[in-house]
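Student: Sharing start-v7.cif below, mmCIF, C-alpha atoms and all ligand atoms:
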data_target
#
loop_
_atom_site.label_atom_id
_atom_site.label_comp_id
_atom_site.auth_asym_id
_atom_site.auth_seq_id
_atom_site.Cartn_x
_atom_site.Cartn_y
_atom_site.Cartn_z
CA MET A 1 102.95 123.20 134.68
CA PHE A 2 101.28 122.02 131.44
CA ASP A 3 100.54 125.63 130.47
CA ASP A 4 104.08 126.54 131.38
CA ALA A 5 105.42 123.92 128.96
CA LYS A 6 103.16 125.21 126.15
CA LYS A 7 104.60 128.71 126.38
CA PRO A 8 106.44 129.89 123.24
CA LEU A 9 110.19 129.65 123.62
CA TYR A 10 110.39 133.44 123.55
CA PRO A 11 107.73 136.13 122.93
CA GLY A 12 106.59 135.82 119.31
CA CYS A 13 108.27 132.45 118.67
CA LYS A 14 105.98 130.16 116.64
CA LYS A 15 108.34 127.28 115.92
CA PHE A 16 109.23 126.04 119.42
CA THR A 17 107.55 125.88 122.79
CA LYS A 18 109.53 125.72 126.00
CA LEU A 19 108.90 121.95 126.12
CA SER A 20 109.61 121.13 122.46
CA ALA A 21 112.91 123.05 122.56
CA LEU A 22 113.94 121.35 125.76
CA VAL A 23 113.09 117.87 124.47
CA ARG A 24 115.07 118.48 121.24
CA LEU A 25 118.10 119.63 123.20
CA TYR A 26 117.81 116.78 125.68
CA ASN A 27 117.69 114.32 122.80
CA LEU A 28 120.99 115.68 121.52
CA LYS A 29 122.52 115.39 124.99
CA ILE A 30 121.56 111.71 125.14
CA ARG A 31 122.53 110.89 121.55
CA TYR A 32 125.99 112.43 121.74
CA GLY A 33 126.72 111.70 125.40
CA TRP A 34 127.23 115.33 126.48
CA SER A 35 128.23 115.67 130.11
CA ASN A 36 125.92 117.40 132.58
CA THR A 37 128.34 120.34 132.90
CA ASN A 38 128.56 120.78 129.10
CA PHE A 39 124.80 120.70 128.80
CA SER A 40 124.29 123.27 131.57
CA GLU A 41 126.78 125.60 129.89
CA LEU A 42 125.08 125.14 126.52
CA LEU A 43 121.68 125.99 128.03
CA SER A 44 123.12 129.10 129.60
CA ILE A 45 124.63 130.23 126.27
CA ILE A 46 121.40 129.52 124.36
CA SER A 47 119.50 131.56 126.92
CA ASP A 48 121.86 134.49 126.30
CA LEU A 49 121.53 134.10 122.51
CA LEU A 50 117.72 134.09 122.54
CA PRO A 51 115.66 137.30 122.93
CA ASP A 52 114.88 138.60 126.42
CA ASN A 53 112.19 136.92 128.49
CA ASN A 54 112.87 133.55 126.84
CA GLU A 55 111.76 130.38 128.60
CA ILE A 56 114.79 128.14 128.11
CA PRO A 57 116.04 126.70 131.44
CA THR A 58 119.50 128.01 132.24
CA SER A 59 120.86 124.86 133.87
CA LEU A 60 120.45 121.11 133.80
CA TYR A 61 118.87 121.28 137.25
CA GLU A 62 116.13 123.60 135.95
CA ALA A 63 115.66 121.45 132.83
CA LYS A 64 115.25 118.30 134.93
CA LYS A 65 112.77 120.07 137.17
CA THR A 66 110.62 120.98 134.14
CA LEU A 67 110.79 117.50 132.59
CA GLY A 68 110.25 115.76 135.94
CA ALA A 69 107.13 117.81 136.71
CA LEU A 70 105.69 116.77 133.35
CA GLY A 71 106.34 113.08 133.98
CA LEU A 72 109.28 113.12 131.58
CA SER A 73 111.93 112.16 134.11
CA TYR A 74 114.27 109.29 133.27
CA GLN A 75 116.31 106.61 134.95
CA LYS A 76 119.74 105.36 133.94
CA ILE A 77 120.06 101.57 134.12
CA ASP A 78 123.39 99.82 133.59
CA ALA A 79 123.35 97.11 130.90
CA CYS A 80 125.64 94.26 129.87
CA HIS A 81 127.81 95.30 126.94
CA ASN A 82 126.42 92.27 125.04
CA ASP A 83 122.84 93.31 125.88
CA CYS A 84 122.18 90.10 127.88
CA CYS A 85 120.74 91.78 130.96
CA LEU A 86 120.08 95.00 132.81
CA TYR A 87 121.64 95.51 136.24
CA ARG A 88 118.37 95.91 138.10
CA LYS A 89 116.36 93.93 140.64
CA GLU A 90 118.41 90.82 141.62
CA TYR A 91 121.35 91.98 139.47
CA ALA A 92 121.41 95.57 140.77
CA ASN A 93 124.68 95.04 142.65
CA SER A 94 126.30 92.50 140.33
CA THR A 95 129.63 93.42 138.79
CA LYS A 96 129.57 90.67 136.14
CA CYS A 97 126.90 89.66 133.65
CA PRO A 98 125.10 86.55 134.97
CA LYS A 99 124.81 85.19 131.42
CA CYS A 100 128.06 85.95 129.58
CA SER A 101 130.26 86.83 132.62
CA LEU A 102 131.46 90.06 130.99
CA SER A 103 132.39 92.79 133.47
CA ARG A 104 129.82 95.47 134.18
CA TRP A 105 132.59 98.07 134.03
CA LYS A 106 134.32 99.65 131.07
CA ILE A 107 137.61 98.00 130.06
CA ASN A 108 140.53 100.35 129.48
CA LYS A 109 141.61 99.84 125.85
CA ASN A 110 145.35 100.22 126.49
CA SER A 111 145.82 98.41 129.79
CA THR A 112 142.79 96.03 129.56
CA LYS A 113 142.08 96.99 133.19
CA GLU A 114 138.56 97.54 134.44
CA ASN A 115 137.50 101.11 135.15
CA ASN A 116 135.74 100.23 138.37
CA GLY A 117 132.47 102.17 138.71
CA VAL A 118 132.47 103.33 135.07
CA THR A 119 129.68 101.38 133.42
CA ALA A 120 130.26 99.79 130.00
CA LYS A 121 126.76 100.42 128.72
CA GLN A 122 123.73 102.29 130.01
CA MET A 123 120.07 102.38 129.14
CA TRP A 124 118.20 105.68 129.47
CA TYR A 125 114.75 104.66 130.53
CA PHE A 126 111.86 107.09 130.24
CA PRO A 127 109.05 105.49 132.32
CA ILE A 128 105.94 105.03 130.18
CA VAL A 129 103.28 104.86 132.91
CA PRO A 130 103.51 108.59 133.85
CA ARG A 131 103.24 109.35 130.13
CA PHE A 132 100.07 107.32 129.76
CA ILE A 133 98.60 109.02 132.82
CA ARG A 134 99.55 112.42 131.39
CA ILE A 135 97.99 111.62 127.99
CA PHE A 136 94.60 110.94 129.58
CA LYS A 137 94.82 114.02 131.80
CA ASN A 138 94.70 116.10 128.61
CA LEU A 139 91.08 116.64 127.54
CA GLU A 140 91.77 116.62 123.80
CA ASN A 141 93.98 113.50 123.91
CA ALA A 142 91.49 111.62 126.08
CA LYS A 143 88.69 112.48 123.64
CA ASN A 144 90.73 111.47 120.56
CA LEU A 145 91.75 108.13 122.05
CA ARG A 146 88.09 107.32 122.66
CA CYS A 147 87.02 108.39 119.13
CA ARG A 148 89.61 106.05 117.64
CA ALA A 149 87.57 103.10 118.86
CA MET A 150 84.08 104.55 118.33
CA ASP A 151 84.47 105.69 114.71
CA ARG A 152 85.45 102.29 113.33
CA LYS A 153 83.87 101.27 110.03
CA VAL A 154 83.87 97.67 108.82
CA ASP A 155 84.05 98.01 105.02
CA GLY A 156 87.28 96.18 104.15
CA ILE A 157 89.27 99.40 103.66
CA MET A 158 92.32 99.97 105.86
CA ARG A 159 92.34 103.53 107.17
CA HIS A 160 93.73 103.01 110.64
CA PRO A 161 95.47 100.26 112.67
CA THR A 162 92.01 99.47 114.11
CA ASP A 163 91.14 98.05 110.65
CA THR A 164 93.96 95.48 110.71
CA PRO A 165 93.47 91.73 111.32
CA SER A 166 95.93 91.80 114.25
CA TRP A 167 93.88 94.51 116.00
CA ARG A 168 90.71 92.49 115.51
CA LEU A 169 92.45 89.32 116.68
CA ILE A 170 93.16 90.97 120.04
CA ASP A 171 89.50 92.03 120.23
CA HIS A 172 88.42 88.46 119.49
CA MET A 173 90.80 86.68 121.88
CA TRP A 174 90.53 89.07 124.85
CA PRO A 175 87.04 90.64 124.85
CA THR A 176 87.56 92.15 128.32
CA PHE A 177 90.53 94.09 126.93
CA GLU A 178 88.50 95.18 123.91
CA SER A 179 85.54 96.26 126.07
CA GLU A 180 87.56 99.15 127.55
CA GLN A 181 87.95 101.47 124.56
CA ARG A 182 90.70 103.45 126.25
CA ASN A 183 93.13 100.53 126.51
CA LEU A 184 96.29 101.11 124.50
CA ARG A 185 98.09 98.96 121.93
CA LEU A 186 101.78 99.60 121.42
CA GLY A 187 103.79 98.96 118.29
CA PRO A 188 107.54 99.65 118.56
CA LYS A 189 109.26 99.76 115.18
CA ARG A 190 112.64 98.32 114.29
CA PRO A 191 113.32 96.42 117.52
CA ARG A 192 117.03 95.64 117.55
CA TYR A 193 118.99 92.74 118.99
CA ASP A 194 117.96 91.64 122.48
CA ILE A 195 115.02 94.01 122.52
CA ASN A 196 113.48 91.77 125.20
CA THR A 197 116.23 92.93 127.60
CA TYR A 198 115.40 96.58 127.02
CA LEU A 199 111.62 96.12 127.13
CA ALA A 200 111.81 94.58 130.62
CA PRO A 201 111.70 97.85 132.64
CA PHE A 202 108.46 98.87 130.93
CA GLY A 203 106.55 96.34 133.03
CA LEU A 204 104.42 95.21 130.10
CA LYS A 205 103.20 92.13 131.99
CA ILE A 206 101.76 94.28 134.78
CA LEU A 207 100.28 96.73 132.28
CA TRP A 208 98.62 93.80 130.50
CA LYS A 209 97.38 91.87 133.54
CA GLU A 210 96.66 94.48 136.20
CA GLY A 211 96.75 97.83 134.42
CA VAL A 212 97.22 101.24 135.98
CA GLN A 213 94.77 103.79 137.39
CA CYS A 214 94.33 106.83 135.10
CA PHE A 215 92.09 109.87 135.22
CA ASP A 216 90.15 110.45 132.01
CA ALA A 217 89.82 114.23 131.60
CA TYR A 218 87.12 113.82 128.92
CA LYS A 219 84.81 111.52 130.91
CA GLU A 220 85.97 112.98 134.25
CA GLU A 221 86.41 109.57 135.84
CA TYR A 222 89.13 107.16 136.91
CA PHE A 223 89.55 103.91 135.02
CA THR A 224 92.04 101.03 134.80
CA LEU A 225 94.19 101.41 131.72
CA ARG A 226 95.62 98.21 130.27
CA VAL A 227 98.25 97.98 127.55
CA VAL A 228 99.25 95.30 125.05
CA LEU A 229 102.24 95.02 122.74
CA LEU A 230 100.26 94.61 119.54
CA TRP A 231 102.99 94.26 116.95
CA THR A 232 106.53 95.03 115.99
CA ILE A 233 107.82 95.90 112.54
CA ASN A 234 110.73 93.57 111.82
CA ASP A 235 111.87 90.40 110.03
CA PHE A 236 111.11 86.92 111.39
CA PRO A 237 114.36 86.31 113.39
CA ALA A 238 113.69 89.52 115.32
CA TYR A 239 110.52 87.90 116.67
CA GLY A 240 112.83 85.46 118.45
CA ASN A 241 114.88 88.33 119.90
CA LEU A 242 111.66 89.85 121.16
CA CYS A 243 110.85 86.65 123.05
CA GLY A 244 114.39 86.22 124.38
CA CYS A 245 114.99 83.09 122.24
CA SER A 246 118.14 82.10 120.39
CA VAL A 247 117.35 82.30 116.66
CA LYS A 248 120.59 81.04 115.12
CA GLY A 249 123.45 78.56 115.52
CA PHE A 250 123.49 75.36 117.56
CA ARG A 251 121.51 76.95 120.38
CA LEU A 252 118.47 77.59 118.22
CA ASP A 253 115.46 77.61 120.50
CA GLN A 254 113.11 74.85 119.31
CA ASN A 255 110.29 76.29 121.39
CA MET A 256 110.42 79.71 119.78
CA GLU A 257 107.37 79.06 117.66
CA LYS A 258 105.40 77.92 120.73
CA ARG A 259 106.48 80.98 122.71
CA LEU A 260 105.36 83.25 119.92
CA LEU A 261 101.87 81.82 119.88
ZN ZN B 301 126.20 89.60 129.13
#
Output the structure of this file as structure tokens.
Ligand SMILES: [Zn+2]
Tutor:
Amino acid sequence: MFDDAKKPLYPGCKKFTKLSALVRLYNLKIRYGWSNTNFSELLSIISDLLPDNNEIPTSLYEAKKTLGALGLSYQKIDACHNDCCLYRKEYANSTKCPKCSLSRWKINKNSTKENNGVTAKQMWYFPIVPRFIRIFKNLENAKNLRCRAMDRKVDGIMRHPTDTPSWRLIDHMWPTFESEQRNLRLGPKRPRYDINTYLAPFGLKILWKEGVQCFDAYKEEYFTLRVVLLWTINDFPAYGNLCGCSVKGFRLDQNMEKRLL
């Protein structure tokens, strides 16, 4: 399946592989909210436009099959319109937000009636664990991730995130995490309001405490991969959003500083 995804989009094509073309198109579908039927039709037309023997899937079903087999499947999770919560776990069957009491369903603009069953907001969640597993299954990736830790030089020059004080702080505070060179450190950029709500499905606590079993194609062995959220690139109030604290108004969370440390 990996080789299949690396195939050129059509014989002689050097710009796109089957996978890169599919991911670009899928991104557009998500960004502009194209319906499944529209997307299937578009794929079929693109297939006709491309030269013979092209690799583009001709329907959404085929596209999902390709992405799913590569660990790129996704889940849709309903969210509160105000980003307070996701309708999962204990809230999976709720019809109102447990925090702000807003309806889960879309409100009709003209009649102010609820469109029962039509969700007001949805999160498209691409599970990260299968991606991590897939990264280490690739020989080259597994080798590069190991080199990142082994080639470190301590000369005061910043060449790589491994040279930063925050990276070294993690090494200092959690030596068991540092001792496994393959452990990953994430750094999402520009987290927006209520990012803590949308980070919840990633299971960062489990990835930090327990980790996940991965096969390292370079060392040809299984190991427990652990992950830490190393940093975010944002202003100071966004740190509060990341921790789920109120950062403004009368409900300012006095414990925010403690939670951050
Ligand atoms: Zn809410």
Student: CA of Ser101 (chain A) and CA of Ile30 (chain A), how far apart in Å?
Tutor: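 Calculated distance between CA of Ile30 (chain A) and CA of Ser101 (chain A) is 27.4 Å.
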Student: Please determine, counting all atoms listed in the file, which residue among A:Lys76, A:Lys99, A:Lys65, A:Lys6 has the shortest atom-to-atom distance to ligand ZN 301 (chain B).
Tutor: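 For ligand ZN 301 (chain B), the nearest of the candidates is A:Lys99.
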Student: Can you pull out every residue within 6 Å of Arg226 (chain A), counting only C-alpha atoms, but drop anything in the same chain fewer than 3 positions away, and send it as an MDAnalysis selection string?
Tutor: chainID A and resid 183 207:208 211
Student: So which residues fall inside 12 Å of (109.0, 139.4, 117.4) if we count only C-alpha atoms? Mind giving them as a PDB file with C-alpha atoms, in the coordinates of the input?
Tutor:
ATOM      1  CA  PRO A   8     106.440 129.890 123.240  1.00  0.00           C
ATOM      2  CA  LEU A   9     110.190 129.650 123.620  1.00  0.00           C
ATOM      3  CA  TYR A  10     110.390 133.440 123.550  1.00  0.00           C
ATOM      4  CA  PRO A  11     107.730 136.130 122.930  1.00  0.00           C
ATOM      5  CA  GLY A  12     106.590 135.820 119.310  1.00  0.00           C
ATOM      6  CA  CYS A  13     108.270 132.450 118.670  1.00  0.00           C
ATOM      7  CA  LYS A  14     105.980 130.160 116.640  1.00  0.00           C
ATOM      8  CA  LEU A  50     117.720 134.090 122.540  1.00  0.00           C
ATOM      9  CA  PRO A  51     115.660 137.300 122.930  1.00  0.00           C
ATOM     10  CA  ASP A  52     114.880 138.600 126.420  1.00  0.00           C
ATOM     11  CA  ASN A  53     112.190 136.920 128.490  1.00  0.00           C
ATOM     12  CA  ASN A  54     112.870 133.550 126.840  1.00  0.00           C
TER      13      ASN A  54
END
Student: Please report as a tab-separated table every residue of chain A lying within 8 Å of ligand ZN 301 (chain B), along with the nearest atom pair and their distance in Å (one decimal), using all atoms listed in the file.
Tutor:
residue	atom	partner	partner_atom	distance
A:Cys80	CA	B:ZN301	ZN	4.8
A:His81	CA	B:ZN301	ZN	6.3
A:Asn82	CA	B:ZN301	ZN	4.9
A:Asp83	CA	B:ZN301	ZN	6.0
A:Cys84	CA	B:ZN301	ZN	4.2
A:Cys85	CA	B:ZN301	ZN	6.2
A:Lys96	CA	B:ZN301	ZN	7.9
A:Cys97	CA	B:ZN301	ZN	4.6
A:Pro98	CA	B:ZN301	ZN	6.7
A:Lys99	CA	B:ZN301	ZN	5.2
A:Cys100	CA	B:ZN301	ZN	4.1
A:Ser101	CA	B:ZN301	ZN	6.0
A:Leu102	CA	B:ZN301	ZN	5.6
Student: Give me the box for region 43-60 of chain A as JSON, namely the centre and edge lengths in Å to one decimal of a box along x, y and z that holds every listed atom plus 6 Å on each side.
Tutor:
{"center_x": 118.2, "center_y": 129.9, "center_z": 128.2, "size_x": 24.9, "size_y": 29.5, "size_z": 23.4}
Student: Is there a way to get, as a ChimeraX atom specification, all residues within 10 Å of the point (90.6, 109.7, 134.4) in file coordinates, counting all atoms listed in the file?
Tutor: /A:133-139,142,213-225
Student: Got time to write the residues from that selection, C-alpha atoms, as an mmCIF file, keeping the file's coordinate frame?
Tutor:
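The result, written out as part-v5.cif:
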data_model
loop_
_atom_site.group_PDB
_atom_site.id
_atom_site.type_symbol
_atom_site.label_atom_id
_atom_site.label_comp_id
_atom_site.auth_asym_id
_atom_site.auth_seq_id
_atom_site.Cartn_x
_atom_site.Cartn_y
_atom_site.Cartn_z
ATOM 1 C CA ILE A 133 98.600 109.020 132.820
ATOM 2 C CA ARG A 134 99.550 112.420 131.390
ATOM 3 C CA ILE A 135 97.990 111.620 127.990
ATOM 4 C CA PHE A 136 94.600 110.940 129.580
ATOM 5 C CA LYS A 137 94.820 114.020 131.800
ATOM 6 C CA ASN A 138 94.700 116.100 128.610
ATOM 7 C CA LEU A 139 91.080 116.640 127.540
ATOM 8 C CA ALA A 142 91.490 111.620 126.080
ATOM 9 C CA GLN A 213 94.770 103.790 137.390
ATOM 10 C CA CYS A 214 94.330 106.830 135.100
ATOM 11 C CA PHE A 215 92.090 109.870 135.220
ATOM 12 C CA ASP A 216 90.150 110.450 132.010
ATOM 13 C CA ALA A 217 89.820 114.230 131.600
ATOM 14 C CA TYR A 218 87.120 113.820 128.920
ATOM 15 C CA LYS A 219 84.810 111.520 130.910
ATOM 16 C CA GLU A 220 85.970 112.980 134.250
ATOM 17 C CA GLU A 221 86.410 109.570 135.840
ATOM 18 C CA TYR A 222 89.130 107.160 136.910
ATOM 19 C CA PHE A 223 89.550 103.910 135.020
ATOM 20 C CA THR A 224 92.040 101.030 134.800
ATOM 21 C CA LEU A 225 94.190 101.410 131.720
#
Student: What separation in Å, quoted to one decimal, exists between CA of Ala92 (chain A) and CA of Ile77 (chain A)?
Tutor: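 So the answer is 9.1 Å.
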Student: If you measure from CA of Ile46 (chain A) to CA of Leu25 (chain A), what distance in Å do you get, rounded to one decimal?
Tutor: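 Result for CA of Ile46 (chain A) versus CA of Leu25 (chain A): 10.5 Å, one decimal.
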Student: Excluding Glu114 (chain A) and any residue of its chain fewer than 6 positions from it, enumerate the residues within 10 Å of it, using all atoms listed in the file, and give them as a list in words.
Tutor: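 In the requested format, the answer is Ser103, Arg104, Trp105, Lys106, Ile107, Asn108 and Ala120 of chain A.
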Student: Between A:Val129, A:Ser44, A:Asn141, A:Val118, which has the minimum distance to Gly203 (chain A) (counting all atoms listed in the file)?
Tutor: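 Distance minimum relative to Gly203 (chain A) lands on A:Val129.
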Student: I'd like the neighbourhood of Val23 (chain A) as a list in words, where a residue qualifies if any of its atoms comes within 10 Å (using only C-alpha atoms), though same-chain residues fewer than 6 positions away should be ignored.
Tutor: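 Here the answer would be Thr17, Lys29, Ala63, Leu67 and Leu72 of chain A.
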Student: May I ask you to restore N, CA, C and O atoms in region 17-34 of chain A and write the result as a compact mmCIF listing (two decimals), in the coordinates of the input?
Tutor:
# COMPACT_ATOMS: atom_id res chain seq x y z
N THR A 17 108.03 125.55 121.44
CA THR A 17 107.55 125.88 122.79
C THR A 17 108.71 125.59 123.75
O THR A 17 109.72 124.99 123.36
N LYS A 18 108.51 125.99 124.99
CA LYS A 18 109.53 125.72 126.00
C LYS A 18 109.82 124.22 126.04
O LYS A 18 110.98 123.78 126.06
N LEU A 19 108.74 123.40 126.01
CA LEU A 19 108.90 121.95 126.12
C LEU A 19 109.55 121.36 124.88
O LEU A 19 110.49 120.56 124.98
N SER A 20 109.06 121.74 123.68
CA SER A 20 109.61 121.13 122.46
C SER A 20 111.09 121.45 122.30
O SER A 20 111.89 120.60 121.90
N ALA A 21 111.49 122.68 122.65
CA ALA A 21 112.91 123.05 122.56
C ALA A 21 113.73 122.22 123.54
O ALA A 21 114.81 121.71 123.20
N LEU A 22 113.21 122.08 124.74
CA LEU A 22 113.94 121.35 125.76
C LEU A 22 114.10 119.87 125.40
O LEU A 22 115.18 119.29 125.56
N VAL A 23 113.03 119.29 124.86
CA VAL A 23 113.09 117.87 124.47
C VAL A 23 114.09 117.67 123.34
O VAL A 23 114.88 116.71 123.35
N ARG A 24 114.11 118.59 122.36
CA ARG A 24 115.07 118.48 121.24
C ARG A 24 116.50 118.54 121.76
O ARG A 24 117.36 117.75 121.38
N LEU A 25 116.74 119.48 122.67
CA LEU A 25 118.10 119.63 123.20
C LEU A 25 118.49 118.42 124.05
O LEU A 25 119.62 117.95 123.99
N TYR A 26 117.54 117.93 124.82
CA TYR A 26 117.81 116.78 125.68
C TYR A 26 118.13 115.54 124.85
O TYR A 26 118.98 114.73 125.19
N ASN A 27 117.41 115.42 123.73
CA ASN A 27 117.69 114.32 122.80
C ASN A 27 119.13 114.34 122.32
O ASN A 27 119.79 113.30 122.25
N LEU A 28 119.60 115.54 121.98
CA LEU A 28 120.99 115.68 121.52
C LEU A 28 121.96 115.30 122.63
O LEU A 28 122.97 114.64 122.39
N LYS A 29 121.64 115.72 123.85
CA LYS A 29 122.52 115.39 124.99
C LYS A 29 122.68 113.87 125.11
O LYS A 29 123.78 113.35 125.27
N ILE A 30 121.53 113.17 124.99
CA ILE A 30 121.56 111.71 125.14
C ILE A 30 122.29 111.07 123.96
O ILE A 30 123.14 110.21 124.13
N ARG A 31 121.96 111.53 122.74
CA ARG A 31 122.53 110.89 121.55
C ARG A 31 124.04 111.03 121.49
O ARG A 31 124.75 110.12 121.10
N TYR A 32 124.56 112.19 121.87
CA TYR A 32 125.99 112.43 121.74
C TYR A 32 126.74 112.35 123.06
O TYR A 32 127.93 112.65 123.13
N GLY A 33 126.05 111.95 124.12
CA GLY A 33 126.72 111.70 125.40
C GLY A 33 127.34 112.95 126.02
O GLY A 33 128.42 112.87 126.61
N TRP A 34 126.69 114.10 125.88
CA TRP A 34 127.23 115.33 126.48
C TRP A 34 127.19 115.21 128.00
O TRP A 34 126.22 114.68 128.56
